[in-house]
Every structure is written in C-alpha cells, then in structure tokens.
Amino acid sequence: MFYTMTKIFGQQNDPQSRTILFFSACITLRLLIAYIAYLATRPQAKHPIWKSFALVPLAIGIGMAYLYFTQTRLNAPEGGGITWWAKYRLIHAMLHITAAIYILQGNDKAWVPLVIDVLMGIVLKLMHT
C-alpha cells in the first residue's frame with residue numbers, strides 16, 4: 001500500500017511523512033474494515049454478501065501470518081527500510097483471522113479484534129517514533 005501511496009504523493013520517505021501516511025491511510029483503512037465488520041454482523045445484514053466480507057480480514061490475517069513465518073518483507077519502504085513491526089505480525093494475523101471467523105459466525109463482536117488491532121498499531125507506532 002505504501003508503494004502505491006508514494007507513487008500518488010511522491011517519494012516522501014522521511015519519518016514525518018511516513019507517520020502522516022500511517023495515520024491518514026493505514027489507520028483510516030483499518031478503521032473502515034472494522035466498521036464494515038460491525039455492519040456485516042448487524043441483524044439488518046441478512047444478505048449473504050455481508051458474510052463474504054470475512055474474506056477481507058481472512059486474507060489480511062493469512063498474509064500477515066505468511067510474512068511472519070517466512071520472515072519475508074523485512075525491509076518495507078513504509079518503515080524507512082526497516083520493518084520494525086515484524087515481530088508483531090502474528091498478533092495482527094490472529095486478530096484478523098478471529099474477526100473473519102466472527103463475521104462468518106454472525107457474532108456481533110466481529111469488529112472488536114479489528115479495533116484492538118488498530119489500537120495496537122497506534123500504540124506500537126507511537127512507541128517506535
């Protein structure tokens with residue numbers, strides 16, 4: 001995602017630009033995913049298409065688990081060439097996979113693991129900067 005954003009906004013790879021991009025793009029998208037998970041498990045969401053939204057956090061979770069176990073993509077440009085969050089990828093993966101399972105079950109708390117992921121991301125970013 002960072003690569004796409006830098007193509008749109010130019011190559012701004014200084015710490016301040018990366019922080020702005022993190023909060024404006026990454027956190028915003030994560031909150032949007034949590035909100036859609038919330039909507040997908042409301043009683044009004046009877047159409048089966050809502051359950052298919054589980055594929056989004058499931059794909060993210062599987063992707064993060066893959067990166068964690070293969071120890072790949074450790075020089076992410078969005079981290080300034082250092083993927084400082086690599087050791088937390090398994091936690092992110094478990095939270096997203098949990099949300100996907102909750103969506104499929106119709107559990108109205110499917111948004112909770114995703115909000116925890118957002119909060120964890122913010123705290124870790126603030127601790128790192």
# chains A, B, ... in the order shown; residues from 1 in each chain; ligands from 1

$ select_by_dssp --residues "stretch 9-54 of chain A" --states "helix (DSSP H, G or I)" --output "number ranges by chain"
A: 9, 15-40, 49-52

$ residues_around --residues "A:Gly106" --least-positions-apart "3" --cutoff "12 Å" --atoms "only C-alpha atoms" --output "list in words"
Ala37, Tyr38, Leu39, Ala40, Thr41, Arg42, Pro43, Gln44, Ala45, Lys46, His47, Pro48, Trp50, Lys51, Ser52, Phe53, Ala54, Ala99, Ala100, Ile101, Tyr102, Ile103, Lys109, Ala110 and Trp111 of chain A

$ residues_around --residues "A:Met94" --least-positions-apart "5" --cutoff "12 Å" --atoms "only C-alpha atoms" --output "ChimeraX atom specification"
/A:57-66,68,88-89,99-101,113-114,116-117

$ closest_residue --among "A:Leu31, A:Leu124, A:Ala25, A:Leu55" --to "A:Lys87" --atoms "only C-alpha atoms"
A:Leu124

$ closest_residue --among "A:Gly79, A:Asp108, A:Ala34, A:Ile49" --to "A:Lys125" --atoms "only C-alpha atoms"
A:Gly79

$ residues_around --residues "A:Thr129" --least-positions-apart "3" --cutoff "12 Å" --atoms "only C-alpha atoms" --output "JSON, numbers by chain"
{"A": [14, 15, 16, 18, 19, 20, 22, 79, 80, 84, 122, 123, 124, 125, 126]}

$ write_last_selection --atoms "N, CA and C atoms" --output "compact mmCIF listing (two decimals), in the first residue's frame"
# COMPACT_ATOMS: atom_id res chain seq x y z
N ASP A 14 10.67 10.49 4.52
CA ASP A 14 11.20 10.96 5.80
C ASP A 14 10.24 10.52 6.91
N PRO A 15 10.72 10.45 8.16
CA PRO A 15 9.88 9.94 9.26
C PRO A 15 8.55 10.67 9.41
N GLN A 16 8.53 11.97 9.26
CA GLN A 16 7.29 12.72 9.42
C GLN A 16 6.27 12.33 8.35
N ARG A 18 6.16 9.50 6.71
CA ARG A 18 5.72 8.12 6.97
C ARG A 18 4.67 8.09 8.08
N THR A 19 4.85 8.91 9.10
CA THR A 19 3.88 8.96 10.20
C THR A 19 2.55 9.51 9.72
N ILE A 20 2.58 10.57 8.93
CA ILE A 20 1.35 11.14 8.38
C ILE A 20 0.63 10.11 7.51
N PHE A 22 0.91 6.86 7.71
CA PHE A 22 0.41 5.79 8.58
C PHE A 22 -0.95 6.15 9.16
N GLY A 79 8.40 1.61 6.35
CA GLY A 79 9.08 1.69 7.65
C GLY A 79 10.45 2.31 7.53
N GLY A 80 10.72 2.93 6.40
CA GLY A 80 12.02 3.53 6.19
C GLY A 80 13.09 2.50 5.89
N TRP A 84 10.00 -2.67 11.52
CA TRP A 84 10.09 -2.77 12.98
C TRP A 84 8.90 -3.53 13.58
N ILE A 122 -1.54 1.77 16.63
CA ILE A 122 -1.27 3.15 17.04
C ILE A 122 -0.25 3.19 18.18
N VAL A 123 -0.47 2.36 19.19
CA VAL A 123 0.45 2.33 20.33
C VAL A 123 1.85 1.95 19.89
N LEU A 124 1.97 0.90 19.08
CA LEU A 124 3.28 0.46 18.62
C LEU A 124 3.96 1.54 17.77
N LYS A 125 3.20 2.21 16.93
CA LYS A 125 3.77 3.30 16.12
C LYS A 125 4.27 4.42 17.00
N LEU A 126 3.48 4.81 17.99
CA LEU A 126 3.89 5.88 18.89
C LEU A 126 5.10 5.50 19.73

$ decode --residues "stretch 18-38 of chain A" --atoms "N, CA and C atoms" --output "PDB file, in the first residue's frame"
ATOM      1  N   ARG A  18       6.162   9.496   6.710  1.00  0.00           N
ATOM      2  CA  ARG A  18       5.718   8.122   6.966  1.00  0.00           C
ATOM      3  C   ARG A  18       4.675   8.093   8.081  1.00  0.00           C
ATOM      4  N   THR A  19       4.851   8.914   9.099  1.00  0.00           N
ATOM      5  CA  THR A  19       3.880   8.958  10.202  1.00  0.00           C
ATOM      6  C   THR A  19       2.546   9.510   9.716  1.00  0.00           C
ATOM      7  N   ILE A  20       2.579  10.571   8.930  1.00  0.00           N
ATOM      8  CA  ILE A  20       1.345  11.138   8.380  1.00  0.00           C
ATOM      9  C   ILE A  20       0.632  10.105   7.513  1.00  0.00           C
ATOM     10  N   LEU A  21       1.380   9.414   6.677  1.00  0.00           N
ATOM     11  CA  LEU A  21       0.807   8.385   5.816  1.00  0.00           C
ATOM     12  C   LEU A  21       0.221   7.242   6.643  1.00  0.00           C
ATOM     13  N   PHE A  22       0.907   6.856   7.707  1.00  0.00           N
ATOM     14  CA  PHE A  22       0.413   5.791   8.578  1.00  0.00           C
ATOM     15  C   PHE A  22      -0.948   6.152   9.156  1.00  0.00           C
ATOM     16  N   PHE A  23      -1.055   7.355   9.717  1.00  0.00           N
ATOM     17  CA  PHE A  23      -2.309   7.735  10.351  1.00  0.00           C
ATOM     18  C   PHE A  23      -3.396   8.093   9.342  1.00  0.00           C
ATOM     19  N   SER A  24      -3.040   8.675   8.218  1.00  0.00           N
ATOM     20  CA  SER A  24      -4.069   9.079   7.256  1.00  0.00           C
ATOM     21  C   SER A  24      -4.541   7.930   6.375  1.00  0.00           C
ATOM     22  N   ALA A  25      -3.676   7.000   6.038  1.00  0.00           N
ATOM     23  CA  ALA A  25      -4.071   5.907   5.146  1.00  0.00           C
ATOM     24  C   ALA A  25      -4.254   4.589   5.898  1.00  0.00           C
ATOM     25  N   CYS A  26      -3.235   4.122   6.550  1.00  0.00           N
ATOM     26  CA  CYS A  26      -3.271   2.802   7.184  1.00  0.00           C
ATOM     27  C   CYS A  26      -4.333   2.729   8.283  1.00  0.00           C
ATOM     28  N   ILE A  27      -4.292   3.662   9.212  1.00  0.00           N
ATOM     29  CA  ILE A  27      -5.251   3.629  10.322  1.00  0.00           C
ATOM     30  C   ILE A  27      -6.667   3.868   9.811  1.00  0.00           C
ATOM     31  N   THR A  28      -6.821   4.769   8.863  1.00  0.00           N
ATOM     32  CA  THR A  28      -8.154   5.021   8.301  1.00  0.00           C
ATOM     33  C   THR A  28      -8.719   3.768   7.647  1.00  0.00           C
ATOM     34  N   LEU A  29      -7.910   3.076   6.863  1.00  0.00           N
ATOM     35  CA  LEU A  29      -8.382   1.841   6.219  1.00  0.00           C
ATOM     36  C   LEU A  29      -8.689   0.756   7.239  1.00  0.00           C
ATOM     37  N   ARG A  30      -7.868   0.643   8.264  1.00  0.00           N
ATOM     38  CA  ARG A  30      -8.129  -0.360   9.306  1.00  0.00           C
ATOM     39  C   ARG A  30      -9.441  -0.060  10.026  1.00  0.00           C
ATOM     40  N   LEU A  31      -9.700   1.221  10.316  1.00  0.00           N
ATOM     41  CA  LEU A  31     -10.968   1.588  10.960  1.00  0.00           C
ATOM     42  C   LEU A  31     -12.149   1.315  10.041  1.00  0.00           C
ATOM     43  N   LEU A  32     -11.973   1.549   8.744  1.00  0.00           N
ATOM     44  CA  LEU A  32     -13.035   1.254   7.782  1.00  0.00           C
ATOM     45  C   LEU A  32     -13.339  -0.245   7.753  1.00  0.00           C
ATOM     46  N   ILE A  33     -12.317  -1.073   7.783  1.00  0.00           N
ATOM     47  CA  ILE A  33     -12.517  -2.524   7.813  1.00  0.00           C
ATOM     48  C   ILE A  33     -13.261  -2.925   9.089  1.00  0.00           C
ATOM     49  N   ALA A  34     -12.889  -2.329  10.222  1.00  0.00           N
ATOM     50  CA  ALA A  34     -13.576  -2.630  11.490  1.00  0.00           C
ATOM     51  C   ALA A  34     -15.046  -2.199  11.419  1.00  0.00           C
ATOM     52  N   TYR A  35     -15.296  -1.051  10.822  1.00  0.00           N
ATOM     53  CA  TYR A  35     -16.670  -0.560  10.710  1.00  0.00           C
ATOM     54  C   TYR A  35     -17.510  -1.466   9.808  1.00  0.00           C
ATOM     55  N   ILE A  36     -16.944  -1.896   8.702  1.00  0.00           N
ATOM     56  CA  ILE A  36     -17.683  -2.804   7.809  1.00  0.00           C
ATOM     57  C   ILE A  36     -17.933  -4.142   8.506  1.00  0.00           C
ATOM     58  N   ALA A  37     -16.977  -4.602   9.315  1.00  0.00           N
ATOM     59  CA  ALA A  37     -17.201  -5.824  10.097  1.00  0.00           C
ATOM     60  C   ALA A  37     -18.352  -5.619  11.077  1.00  0.00           C
ATOM     61  N   TYR A  38     -18.426  -4.434  11.653  1.00  0.00           N
ATOM     62  CA  TYR A  38     -19.544  -4.096  12.542  1.00  0.00           C
ATOM     63  C   TYR A  38     -20.868  -4.163  11.776  1.00  0.00           C
TER      64      TYR A  38
END
